[in-house]
$ cat coords-v2.cif   # mmCIF, C-alpha atoms
data_query
loop_
_atom_site.group_PDB
_atom_site.id
_atom_site.type_symbol
_atom_site.label_atom_id
_atom_site.label_comp_id
_atom_site.auth_asym_id
_atom_site.auth_seq_id
_atom_site.Cartn_x
_atom_site.Cartn_y
_atom_site.Cartn_z
ATOM 1 C CA MET F 1 104.415 96.647 118.530
ATOM 2 C CA THR F 2 107.098 97.357 115.936
ATOM 3 C CA ILE F 3 106.098 99.326 112.844
ATOM 4 C CA ARG F 4 107.554 97.714 109.717
ATOM 5 C CA VAL F 5 108.559 100.237 107.045
ATOM 6 C CA LEU F 6 109.591 99.926 103.395
ATOM 7 C CA LEU F 7 111.733 102.697 101.880
ATOM 8 C CA ALA F 8 111.531 103.531 98.165
ATOM 9 C CA ASP F 9 113.944 106.160 96.806
ATOM 10 C CA ASP F 10 116.368 106.062 93.893
ATOM 11 C CA GLN F 11 119.153 107.700 95.937
ATOM 12 C CA ALA F 12 121.024 105.364 98.284
ATOM 13 C CA MET F 13 122.149 108.267 100.467
ATOM 14 C CA ILE F 14 118.549 109.366 101.026
ATOM 15 C CA ARG F 15 117.498 105.835 101.911
ATOM 16 C CA SER F 16 120.356 105.577 104.392
ATOM 17 C CA GLY F 17 119.367 108.867 105.994
ATOM 18 C CA LEU F 18 115.720 107.852 106.292
ATOM 19 C CA ARG F 19 116.744 104.490 107.772
ATOM 20 C CA LEU F 20 118.897 106.198 110.413
ATOM 21 C CA ILE F 21 116.054 108.525 111.408
ATOM 22 C CA LEU F 22 113.465 105.771 111.617
ATOM 23 C CA GLU F 23 115.531 103.049 113.272
ATOM 24 C CA ASP F 24 116.569 105.496 115.980
ATOM 25 C CA GLN F 25 113.016 104.915 117.247
ATOM 26 C CA ASP F 26 112.352 101.877 119.417
ATOM 27 C CA ASP F 27 109.046 101.106 117.705
ATOM 28 C CA ILE F 28 110.092 101.369 114.034
ATOM 29 C CA THR F 29 112.183 99.051 111.858
ATOM 30 C CA VAL F 30 113.011 99.198 108.143
ATOM 31 C CA VAL F 31 112.265 95.842 106.508
ATOM 32 C CA GLY F 32 113.264 96.642 102.933
ATOM 33 C CA GLU F 33 114.611 99.206 100.472
ATOM 34 C CA ALA F 34 113.749 99.779 96.821
ATOM 35 C CA ALA F 35 115.717 101.859 94.309
ATOM 36 C CA ASP F 36 112.927 102.243 91.738
ATOM 37 C CA GLY F 37 109.159 102.129 91.459
ATOM 38 C CA ALA F 38 108.793 98.617 90.063
ATOM 39 C CA GLU F 39 110.994 97.179 92.808
ATOM 40 C CA ALA F 40 108.980 99.118 95.392
ATOM 41 C CA VAL F 41 105.708 97.550 94.242
ATOM 42 C CA GLN F 42 107.243 94.070 94.119
ATOM 43 C CA LEU F 43 108.808 94.321 97.583
ATOM 44 C CA ALA F 44 105.736 95.902 99.144
ATOM 45 C CA ARG F 45 103.457 93.156 97.864
ATOM 46 C CA ARG F 46 105.838 90.479 99.103
ATOM 47 C CA LEU F 47 106.781 91.978 102.481
ATOM 48 C CA ARG F 48 103.425 93.640 103.302
ATOM 49 C CA PRO F 49 105.026 96.396 105.435
ATOM 50 C CA ASP F 50 102.884 98.483 107.766
ATOM 51 C CA VAL F 51 103.969 101.698 106.032
ATOM 52 C CA CYS F 52 105.666 102.449 102.700
ATOM 53 C CA LEU F 53 107.704 105.641 102.362
ATOM 54 C CA VAL F 54 107.804 106.464 98.658
ATOM 55 C CA ASP F 55 109.662 109.156 96.723
ATOM 56 C CA ILE F 56 107.877 110.949 93.867
ATOM 57 C CA ARG F 57 110.581 110.855 91.201
ATOM 58 C CA MET F 58 111.984 107.376 90.575
ATOM 59 C CA PRO F 59 113.020 105.403 87.484
ATOM 60 C CA GLY F 60 110.285 103.355 85.843
ATOM 61 C CA LEU F 61 107.141 103.808 87.904
ATOM 62 C CA ASP F 62 107.027 107.163 89.668
ATOM 63 C CA GLY F 63 105.796 107.596 93.246
ATOM 64 C CA ILE F 64 102.225 108.343 92.215
ATOM 65 C CA ASP F 65 102.036 105.170 90.090
ATOM 66 C CA VAL F 66 103.518 103.179 92.978
ATOM 67 C CA THR F 67 100.982 104.672 95.374
ATOM 68 C CA ARG F 68 98.097 103.845 93.050
ATOM 69 C CA ALA F 69 99.353 100.262 92.648
ATOM 70 C CA LEU F 70 99.649 99.741 96.400
ATOM 71 C CA SER F 71 96.774 101.762 97.849
ATOM 72 C CA GLY F 72 94.567 102.994 95.021
ATOM 73 C CA PRO F 73 90.772 102.629 94.979
ATOM 74 C CA ALA F 74 91.002 99.395 92.989
ATOM 75 C CA VAL F 75 93.334 97.679 95.487
ATOM 76 C CA ALA F 76 91.519 95.037 97.566
ATOM 77 C CA GLU F 77 93.940 95.129 100.496
ATOM 78 C CA PRO F 78 95.620 98.555 100.306
ATOM 79 C CA LEU F 79 98.910 99.312 101.992
ATOM 80 C CA ARG F 80 99.574 102.604 103.744
ATOM 81 C CA VAL F 81 101.753 104.890 101.661
ATOM 82 C CA VAL F 82 103.408 108.125 102.763
ATOM 83 C CA VAL F 83 105.027 110.150 100.003
ATOM 84 C CA VAL F 84 108.353 111.739 100.977
ATOM 85 C CA THR F 85 109.765 114.192 98.453
ATOM 86 C CA THR F 86 111.869 117.277 97.857
ATOM 87 C CA PHE F 87 109.314 118.684 95.421
ATOM 88 C CA ASP F 88 106.630 120.862 96.998
ATOM 89 C CA LEU F 89 104.472 120.996 93.865
ATOM 90 C CA ASP F 90 100.673 121.027 93.976
ATOM 91 C CA GLU F 91 100.392 118.565 91.085
ATOM 92 C CA TYR F 92 102.464 116.014 93.003
ATOM 93 C CA VAL F 93 100.555 116.511 96.244
ATOM 94 C CA HIS F 94 97.142 116.256 94.604
ATOM 95 C CA GLY F 95 98.229 113.287 92.503
ATOM 96 C CA ALA F 96 99.604 111.395 95.491
ATOM 97 C CA LEU F 97 96.546 111.956 97.659
ATOM 98 C CA ARG F 98 94.128 111.054 94.896
ATOM 99 C CA ALA F 99 96.169 107.886 94.247
ATOM 100 C CA GLY F 100 95.610 106.808 97.849
ATOM 101 C CA ALA F 101 98.531 108.194 99.870
ATOM 102 C CA VAL F 102 97.802 108.806 103.555
ATOM 103 C CA GLY F 103 100.597 111.305 104.006
ATOM 104 C CA PHE F 104 102.847 113.747 102.209
ATOM 105 C CA VAL F 105 106.073 114.883 103.879
ATOM 106 C CA LEU F 106 108.815 117.106 102.514
ATOM 107 C CA LYS F 107 112.380 115.840 102.838
ATOM 108 C CA GLY F 108 113.399 119.185 104.316
ATOM 109 C CA ALA F 109 111.002 118.721 107.235
ATOM 110 C CA ALA F 110 112.256 117.950 110.735
ATOM 111 C CA PRO F 111 113.005 114.254 111.388
ATOM 112 C CA ALA F 112 110.304 114.263 114.073
ATOM 113 C CA LEU F 113 107.673 114.988 111.417
ATOM 114 C CA LEU F 114 108.755 111.955 109.372
ATOM 115 C CA VAL F 115 108.494 109.743 112.438
ATOM 116 C CA GLU F 116 105.096 111.215 113.271
ATOM 117 C CA ALA F 117 103.891 110.557 109.718
ATOM 118 C CA VAL F 118 104.909 106.890 109.948
ATOM 119 C CA ARG F 119 103.163 106.450 113.291
ATOM 120 C CA ALA F 120 100.064 108.260 112.047
ATOM 121 C CA ALA F 121 99.869 106.055 108.940
ATOM 122 C CA HIS F 122 100.298 102.909 111.026
ATOM 123 C CA ALA F 123 97.481 104.045 113.317
ATOM 124 C CA GLY F 124 95.173 104.530 110.342
ATOM 125 C CA ASP F 125 95.534 108.281 110.521
ATOM 126 C CA ALA F 126 97.235 110.635 108.078
ATOM 127 C CA LEU F 127 99.696 113.506 108.141
ATOM 128 C CA ILE F 128 100.652 116.171 105.624
ATOM 129 C CA SER F 129 103.493 118.651 106.117
ATOM 130 C CA PRO F 130 101.853 121.656 107.833
ATOM 131 C CA ALA F 131 103.585 124.019 105.423
ATOM 132 C CA ILE F 132 101.408 122.776 102.568
ATOM 133 C CA THR F 133 98.243 121.448 104.219
ATOM 134 C CA LEU F 134 95.927 124.423 103.812
ATOM 135 C CA ARG F 135 97.352 125.438 100.458
ATOM 136 C CA LEU F 136 96.871 122.063 98.842
ATOM 137 C CA LEU F 137 93.445 121.458 100.322
ATOM 138 C CA ARG F 138 92.186 124.850 99.232
ATOM 139 C CA GLY F 139 93.452 123.917 95.780
ATOM 140 C CA LEU F 140 90.982 121.021 95.801
ATOM 141 C CA ALA F 141 88.123 123.546 95.874
ATOM 142 C CA PRO F 142 88.326 125.415 92.556
ATOM 143 C CA THR F 143 86.026 128.311 91.815
ATOM 144 C CA ARG F 144 83.207 126.193 90.403
ATOM 145 C CA PRO F 145 80.083 124.512 91.838
ATOM 146 C CA ALA F 146 80.665 121.851 94.479
ATOM 147 C CA THR F 147 81.217 118.386 92.987
ATOM 148 C CA ALA F 148 81.792 116.194 96.070
ATOM 149 C CA ALA F 149 79.283 113.415 96.668
ATOM 150 C CA ARG F 150 76.596 114.047 99.273
ATOM 151 C CA PRO F 151 76.915 112.079 102.549
ATOM 152 C CA ALA F 152 75.036 108.786 102.703
ATOM 153 C CA GLN F 153 73.432 110.103 105.913
ATOM 154 C CA PRO F 154 73.177 113.698 107.186
ATOM 155 C CA LEU F 155 76.160 114.980 109.147
ATOM 156 C CA SER F 156 75.557 116.179 112.694
ATOM 157 C CA ALA F 157 76.649 119.660 113.770
ATOM 158 C CA ARG F 158 79.496 118.163 115.802
ATOM 159 C CA GLU F 159 80.638 115.985 112.897
ATOM 160 C CA THR F 160 80.715 119.084 110.700
ATOM 161 C CA GLU F 161 82.898 120.840 113.285
ATOM 162 C CA VAL F 162 85.271 117.872 113.304
ATOM 163 C CA ILE F 163 85.437 117.823 109.504
ATOM 164 C CA ARG F 164 86.315 121.527 109.383
ATOM 165 C CA SER F 165 89.053 121.005 111.978
ATOM 166 C CA ILE F 166 90.500 118.123 109.969
ATOM 167 C CA ALA F 167 90.450 120.265 106.819
ATOM 168 C CA ARG F 168 92.548 122.849 108.675
ATOM 169 C CA GLY F 169 95.182 120.194 109.375
ATOM 170 C CA ARG F 170 94.498 119.814 113.093
ATOM 171 C CA THR F 171 95.414 116.641 114.977
ATOM 172 C CA ASN F 172 93.012 114.569 117.052
ATOM 173 C CA GLN F 173 94.489 116.064 120.213
ATOM 174 C CA GLU F 174 94.008 119.607 118.923
ATOM 175 C CA ILE F 175 90.430 118.874 117.877
ATOM 176 C CA ALA F 176 89.648 117.361 121.269
ATOM 177 C CA ALA F 177 91.028 120.412 123.081
ATOM 178 C CA ALA F 178 89.196 122.886 120.841
ATOM 179 C CA LEU F 179 85.837 121.099 121.125
ATOM 180 C CA PHE F 180 86.228 120.119 124.804
ATOM 181 C CA ILE F 181 85.836 116.418 124.104
ATOM 182 C CA THR F 182 88.118 113.399 124.542
ATOM 183 C CA VAL F 183 90.438 112.028 121.886
ATOM 184 C CA SER F 184 88.461 108.774 121.886
ATOM 185 C CA THR F 185 85.302 110.773 121.122
ATOM 186 C CA VAL F 186 87.103 112.456 118.225
ATOM 187 C CA LYS F 187 88.047 109.023 116.880
ATOM 188 C CA SER F 188 84.424 107.881 117.183
ATOM 189 C CA HIS F 189 83.314 110.925 115.184
ATOM 190 C CA LEU F 190 85.965 110.147 112.558
ATOM 191 C CA THR F 191 84.667 106.608 112.135
ATOM 192 C CA ALA F 192 81.104 107.873 111.721
ATOM 193 C CA ILE F 193 82.226 110.564 109.271
ATOM 194 C CA GLN F 194 84.194 108.075 107.158
ATOM 195 C CA ASN F 195 81.165 105.797 106.946
ATOM 196 C CA LYS F 196 78.832 108.639 105.967
ATOM 197 C CA LEU F 197 81.192 110.079 103.353
ATOM 198 C CA GLY F 198 82.427 106.726 102.038
ATOM 199 C CA VAL F 199 86.088 107.697 102.516
ATOM 200 C CA ARG F 200 89.040 105.824 104.009
ATOM 201 C CA ASN F 201 91.043 108.360 106.033
ATOM 202 C CA ARG F 202 91.308 111.936 107.263
ATOM 203 C CA VAL F 203 93.080 113.107 104.107
ATOM 204 C CA GLU F 204 90.035 112.099 102.070
ATOM 205 C CA ILE F 205 87.778 113.730 104.677
ATOM 206 C CA ALA F 206 89.719 116.976 104.299
ATOM 207 C CA ALA F 207 89.587 116.757 100.524
ATOM 208 C CA TRP F 208 85.816 116.251 100.700
ATOM 209 C CA ALA F 209 85.475 119.311 102.951
ATOM 210 C CA TRP F 210 87.170 121.559 100.408
ATOM 211 C CA GLU F 211 85.627 119.986 97.313
ATOM 212 C CA SER F 212 82.131 120.250 98.811
ATOM 213 C CA ARG F 213 82.750 123.937 99.602
ATOM 214 C CA LEU F 214 82.094 123.251 103.289
ATOM 215 C CA MET F 215 85.146 125.371 104.084
ATOM 216 C CA ASP F 216 84.021 128.434 102.139
ATOM 217 C CA SER F 217 82.468 129.964 105.237
ATOM 218 C CA ALA F 218 85.301 128.772 107.485
ATOM 219 C CA VAL F 219 88.448 129.829 105.593
ATOM 220 C CA GLY F 220 88.733 133.049 107.529
ATOM 221 C CA GLY F 221 89.178 131.083 110.730
ATOM 222 C CA ALA F 222 91.740 128.657 109.347
#

$ encode --input "coords-v2.cif" --output "structure tokens"
Amino acid sequence: MTIRVLLADDQAMIRSGLRLILEDQDDITVVGEAADGAEAVQLARRLRPDVCLVDIRMPGLDGIDVTRALSGPAVAEPLRVVVVTTFDLDEYVHGALRAGAVGFVLKGAAPALLVEAVRAAHAGDALISPAITLRLLRGLAPTRPATAARPAQPLSARETEVIRSIARGRTNQEIAAALFITVSTVKSHLTAIQNKLGVRNRVEIAAWAWESRLMDSAVGGA
């Protein structure tokens, strides 16, 4: 199956570079390019790509506004948005994730990470540049009482272990190896966790873990 990707960046050279990286893969094709935020929203709604790669700083609508328009909580049929940017700023990362992004990748990252982020988004997973994962998620847990909503049903001990692993930025394969379970079992736990927490993806699971202070006793092992 070919993964259809939309690129949104105001610099033509950047778009060309991203296209070259992605279309070097047999399973990825770029179906459209947008030079500003408004065009990105219009094209995405018309083309319905599998994944949208969106820059933060663009004319008109910025990347966070684009993300909210395409995958925010109010969107009935959200698209999968991965933010790709030069700017490693907490306010951008938090804003993008809260707007509904399922990934955040720095432009200086290795091309393989960009490809991995696209495949993860297409699979319903999420990926954040490892260099910022723990920092940004810890930033979601300010020094105040926990404010995250309680689970609809109690979490099992194993589900709690999985949540903590996700909050540390570990992949399904890494979680499976650490807990001596299969990847398919990890995915089953993720589905159960999402249902109990009322969240849509592993980024929101990780955010819940830090906001609920679940990681307070686990930070030392991160």

$ closest_residue --input "coords-v2.cif" --among "F:Val31, F:Ala167, F:Ala176, F:Val81" --to "F:Arg19" --atoms "all atoms listed in the file"
F:Val31

$ residues_near_point --input "coords-v2.cif" --point "(104.2, 116.0, 103.6)" --cutoff "6 Å" --atoms "only C-alpha atoms" --output "PyMOL selection string"
chain F and resi 103-106+128-129

$ closest_residue --input "coords-v2.cif" --among "F:Glu39, F:Asp27, F:Glu77, F:Glu211" --to "F:Asp62" --atoms "only C-alpha atoms"
F:Glu39

$ atom_distance --input "coords-v2.cif" --atom1 "atom CA of F:Thr85" --atom2 "atom CA of F:Lys107"
5.4 Å

$ atom_distance --input "coords-v2.cif" --atom1 "atom CA of F:Glu23" --atom2 "atom CA of F:Leu6"
11.9 Å

$ residues_around --input "coords-v2.cif" --residues "F:Cys52" --least-positions-apart "5" --cutoff "9 Å" --atoms "only C-alpha atoms" --output "JSON, numbers by chain"
{"F": [4, 5, 6, 7, 8, 40, 44, 67, 79, 80, 81, 82, 83, 118]}

$ atom_distance --input "coords-v2.cif" --atom1 "atom CA of F:His94" --atom2 "atom CA of F:Gly169"
15.4 Å

$ axis_aligned_box --input "coords-v2.cif" --around "stretch 200-219 of chain F" --padding-each-side "6 Å" --output "lines of an AutoDock Vina configuration file"
center_x = 87.6
center_y = 117.9
center_z = 102.4
size_x = 23.0
size_y = 36.1
size_z = 22.2

$ resolve_selection --input "coords-v2.cif" --expression "the PyMOL selection byres ((chain F and resi 192) around 12)" --output "number ranges by chain"
F: 151-156, 158-160, 162-163, 185-191, 193-202, 205

$ resolve_selection --input "coords-v2.cif" --expression "the PyMOL selection byres ((chain F and resi 73) around 12)" --output "ChimeraX atom specification"
/F:67-72,74-79,97-101,198-200,204

$ build_atoms --input "coords-v2.cif" --residues "stretch 59-91 of chain F" --atoms "N, CA and C atoms" --output "mmCIF file, in the frame of the given file"
data_model
loop_
_atom_site.group_PDB
_atom_site.id
_atom_site.type_symbol
_atom_site.label_atom_id
_atom_site.label_comp_id
_atom_site.auth_asym_id
_atom_site.auth_seq_id
_atom_site.Cartn_x
_atom_site.Cartn_y
_atom_site.Cartn_z
ATOM 1 N N PRO F 59 112.994 106.036 88.804
ATOM 2 C CA PRO F 59 113.020 105.403 87.484
ATOM 3 C C PRO F 59 111.848 104.436 87.320
ATOM 4 N N GLY F 60 111.395 104.268 86.090
ATOM 5 C CA GLY F 60 110.285 103.355 85.843
ATOM 6 C C GLY F 60 108.991 103.960 86.352
ATOM 7 N N LEU F 61 108.355 103.286 87.286
ATOM 8 C CA LEU F 61 107.141 103.808 87.904
ATOM 9 C C LEU F 61 107.491 104.964 88.834
ATOM 10 N N ASP F 62 106.766 106.081 88.728
ATOM 11 C CA ASP F 62 107.027 107.163 89.668
ATOM 12 C C ASP F 62 106.231 106.916 90.949
ATOM 13 N N GLY F 63 106.416 107.795 91.942
ATOM 14 C CA GLY F 63 105.796 107.596 93.246
ATOM 15 C C GLY F 63 104.284 107.563 93.211
ATOM 16 N N ILE F 64 103.687 108.337 92.314
ATOM 17 C CA ILE F 64 102.225 108.343 92.215
ATOM 18 C C ILE F 64 101.724 107.011 91.658
ATOM 19 N N ASP F 65 102.411 106.472 90.638
ATOM 20 C CA ASP F 65 102.036 105.170 90.090
ATOM 21 C C ASP F 65 102.206 104.065 91.139
ATOM 22 N N VAL F 66 103.285 104.157 91.912
ATOM 23 C CA VAL F 66 103.518 103.179 92.978
ATOM 24 C C VAL F 66 102.396 103.258 94.013
ATOM 25 N N THR F 67 102.048 104.482 94.397
ATOM 26 C CA THR F 67 100.982 104.672 95.374
ATOM 27 C C THR F 67 99.672 104.091 94.875
ATOM 28 N N ARG F 68 99.349 104.358 93.626
ATOM 29 C CA ARG F 68 98.097 103.845 93.050
ATOM 30 C C ARG F 68 98.098 102.312 93.016
ATOM 31 N N ALA F 69 99.258 101.723 92.722
ATOM 32 C CA ALA F 69 99.353 100.262 92.648
ATOM 33 C C ALA F 69 99.211 99.611 94.020
ATOM 34 N N LEU F 70 99.650 100.319 95.056
ATOM 35 C CA LEU F 70 99.649 99.741 96.400
ATOM 36 C C LEU F 70 98.439 100.125 97.242
ATOM 37 N N SER F 71 97.857 101.306 96.970
ATOM 38 C CA SER F 71 96.774 101.762 97.849
ATOM 39 C C SER F 71 95.644 102.480 97.119
ATOM 40 N N GLY F 72 95.611 102.336 95.791
ATOM 41 C CA GLY F 72 94.567 102.994 95.021
ATOM 42 C C GLY F 72 93.190 102.406 95.264
ATOM 43 N N PRO F 73 92.154 103.070 94.761
ATOM 44 C CA PRO F 73 90.772 102.629 94.979
ATOM 45 C C PRO F 73 90.487 101.201 94.510
ATOM 46 N N ALA F 74 91.251 100.733 93.524
ATOM 47 C CA ALA F 74 91.002 99.395 92.989
ATOM 48 C C ALA F 74 91.728 98.291 93.755
ATOM 49 N N VAL F 75 92.544 98.665 94.742
ATOM 50 C CA VAL F 75 93.334 97.679 95.487
ATOM 51 C C VAL F 75 92.483 97.058 96.595
ATOM 52 N N ALA F 76 92.381 95.729 96.598
ATOM 53 C CA ALA F 76 91.519 95.037 97.566
ATOM 54 C C ALA F 76 92.040 95.163 98.990
ATOM 55 N N GLU F 77 93.344 95.014 99.164
ATOM 56 C CA GLU F 77 93.940 95.129 100.496
ATOM 57 C C GLU F 77 95.031 96.189 100.437
ATOM 58 N N PRO F 78 94.644 97.467 100.486
ATOM 59 C CA PRO F 78 95.620 98.555 100.306
ATOM 60 C C PRO F 78 96.637 98.646 101.423
ATOM 61 N N LEU F 79 97.853 99.017 101.028
ATOM 62 C CA LEU F 79 98.910 99.312 101.992
ATOM 63 C C LEU F 79 98.880 100.800 102.297
ATOM 64 N N ARG F 80 99.540 101.203 103.352
ATOM 65 C CA ARG F 80 99.574 102.604 103.744
ATOM 66 C C ARG F 80 100.839 103.250 103.188
ATOM 67 N N VAL F 81 100.636 104.239 102.341
ATOM 68 C CA VAL F 81 101.753 104.890 101.661
ATOM 69 C C VAL F 81 101.871 106.345 102.107
ATOM 70 N N VAL F 82 103.084 106.725 102.464
ATOM 71 C CA VAL F 82 103.408 108.125 102.763
ATOM 72 C C VAL F 82 104.422 108.569 101.724
ATOM 73 N N VAL F 83 104.115 109.627 101.013
ATOM 74 C CA VAL F 83 105.027 110.150 100.003
ATOM 75 C C VAL F 83 106.014 111.103 100.675
ATOM 76 N N VAL F 84 107.293 110.888 100.423
ATOM 77 C CA VAL F 84 108.353 111.739 100.977
ATOM 78 C C VAL F 84 109.145 112.303 99.804
ATOM 79 N N THR F 85 109.154 113.616 99.654
ATOM 80 C CA THR F 85 109.765 114.192 98.453
ATOM 81 C C THR F 85 110.368 115.560 98.708
ATOM 82 N N THR F 86 111.268 115.944 97.826
ATOM 83 C CA THR F 86 111.869 117.277 97.857
ATOM 84 C C THR F 86 110.954 118.287 97.185
ATOM 85 N N PHE F 87 110.060 117.806 96.314
ATOM 86 C CA PHE F 87 109.314 118.684 95.421
ATOM 87 C C PHE F 87 107.949 119.078 95.991
ATOM 88 N N ASP F 88 107.860 120.314 96.432
ATOM 89 C CA ASP F 88 106.630 120.862 96.998
ATOM 90 C C ASP F 88 105.777 121.442 95.869
ATOM 91 N N LEU F 89 105.269 120.565 95.014
ATOM 92 C CA LEU F 89 104.472 120.996 93.865
ATOM 93 C C LEU F 89 103.038 120.496 94.032
ATOM 94 N N ASP F 90 102.072 121.389 93.790
ATOM 95 C CA ASP F 90 100.673 121.027 93.976
ATOM 96 C C ASP F 90 100.282 119.796 93.165
ATOM 97 N N GLU F 91 100.786 119.692 91.925
ATOM 98 C CA GLU F 91 100.392 118.565 91.085
ATOM 99 C C GLU F 91 100.837 117.237 91.690
#
